[in-house]
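Q: Attaching a single structure in structure tokens format; questions to follow.
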Amino acid sequence: MGIFDRFTGNSEESEALLRQIQELSQNNEVLAESYSALARATLEFDDKGWSPLNQLSDNGIKLEDVKSISKQARRQTASNPVLKRGAMLRASYVFGRGFKMAQAGNQLAPRFQKVIDDPVNQQVLFSESASKKNERALFTDGNFFVRYDKRNRRFSRVPLEEIAGWATDPDDPELIRYYLREYQVREPVTDPYNSYLAETKKVWYPLDYVENPVSRINDIPVDRNSVIIDTKSNDETGALWGIPDALPALPWSWAYSEYLKDGSKMLKALSSIAWQVKSKTAKGGANISSKLVSNKDVAQTAVTGADIDIAAMPRNNSIDLSTGRPLAAMAATAMEVSVDALLSGPGEIGGGGAPILDQSTLNAAYARQGSWEDFFIRVLRVMGVPEPSVTFNNIIVDPAYRNIQSLSQAWMTGLFNADVMQSAYAEQLGIEAPGQIPS
């Protein structure tokens, strides 16, 4: 029996087939709408005029391009929850457990520790909040600069927008030796309005590895009492500037946010329609409409005629917002974090579920820690620390009871002094003042 015979021979079977065809058609329309919204969200990024951000020349990224990307990345990171979450995750993975600094394998001398403990230097470099802020600067700027004043032994950040030029080594065009800083100096004016005068100042700073810096470059003075220490992310061979970590994630984060906005609008539109009334005559439709409007109580019955049919609109997953997850996955891939962590899924380290800090994310965090280790070793050398070393604490730590067991076994080897073991035990047990070591 053919399809036509099945439709004409059995009315119940034909009605069931028609209902299945109608459901499949509706599902196809919803799927098409979901993917069309996904495509529109991706293309809208270019419509906003941001397409040049992803179009870099073969000769590497230019300083003006970095500044342009930085402005957009900072704005989007502050307003887009996906980018904000990604920047927070990266900073937490890299600096969440802290790091240690030493000289020749021992603690820093008091004169060096005094520089580190300086409140200004803590706010700029050495506190946990400052370290995470500097990591987010690499996320949005791709380049981080700090100035060290030898006279007062203090550090200060140099914003990317104040970098106006550079001078490279004559024999190595990839090696920058001086940075030109252009900034405004505000001088207060004594008047009832507390106004001020702004003066634009230009000055060259040598890098920390430059020996015997010159006094002037192009009639602009070189500040010999200060040095610049820099670090870059995603810089390529032959390129002078780093590329922000947020750059490849910008279009996908934007597309995912727009997709969720479109889906929310669609859900709100569908929620405003509760019933579908079918009537063969206009008069019948008007009658049932008046009855439904006047019915104010819950769980009442609508009495209709033979030519009127009332059906409830479907509610179960009529719009599936999870179909936009591939967009979030692309953003997570670009930021080198887990998509589950990016979407605030359960099971982060320290939570109650399974860990979602996978090996690839760990490797990315270890690589960034290596870059910061090199940076802080340069910082310590500028301060005059002999044989400096920087070591980051483990990102993943065992429970306290397992660490206590490991410490007990280490003590039994006889390779560690009592003061070292006491400090390690006190850290695990949360004892701030363990006191003198027993004899």
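Starting from 1 in every chain, residues are counted up; chains themselves are A, B, ... following the order of the structure tokens, and ligands are numbered from 1 as listed.
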Name the residues in contact with Met88 in chain A at a cut-off of 10 Å, using only C-alpha atoms, excluding same-chain residues fewer than 6 positions from it; report them as a ChimeraX atom specification.

A: /A:77,82,132-133,135-136,139,342

Q: I'd like the neighbourhood of Glu199 in chain A as a ChimeraX atom specification, where a residue qualifies if any of its atoms comes within 10 Å (using only C-alpha atoms), though same-chain residues fewer than 2 positions away should be ignored.

A: /A:183-187,196-197,201-202

Q: Per residue of range 75-154 of chain A within 10 Å of range 333-339 of chain A, note the shortest atom pair and the distance in Å to one decimal, counting only C-alpha atoms, and order the rows by chain and increasing residue number, as a tab-separated table.

A:
```
residue	atom	partner	partner_atom	distance
A:Leu83	CA	A:Met335	CA	8.6
A:Arg85	CA	A:Val337	CA	10.0
A:Gly86	CA	A:Met335	CA	6.5
A:Ala87	CA	A:Met335	CA	8.1
A:Leu89	CA	A:Val337	CA	7.5
A:Arg90	CA	A:Val337	CA	7.4
A:Tyr93	CA	A:Val337	CA	9.7
A:Phe139	CA	A:Met335	CA	8.8
```

Q: Range 114-190 of chain A: which residues are helix (DSSP H, G or I) by DSSP, as a ChimeraX atom specification?

A: /A:114-117,119-126,128-141,160-162

Q: Quick one: distance from CA of Ala137 in chain A to CA of Gln369 in chain A in Å, one decimal?

A: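 Calculated distance between CA of Ala137 in chain A and CA of Gln369 in chain A is 14.7 Å.
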
Q: Restricting the calculation to only C-alpha atoms: of A:Ala255, A:Leu63, A:Val382, A:Leu207, which residue gets closest to Glu162 in chain A?

A: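 Closest candidate: A:Leu63.
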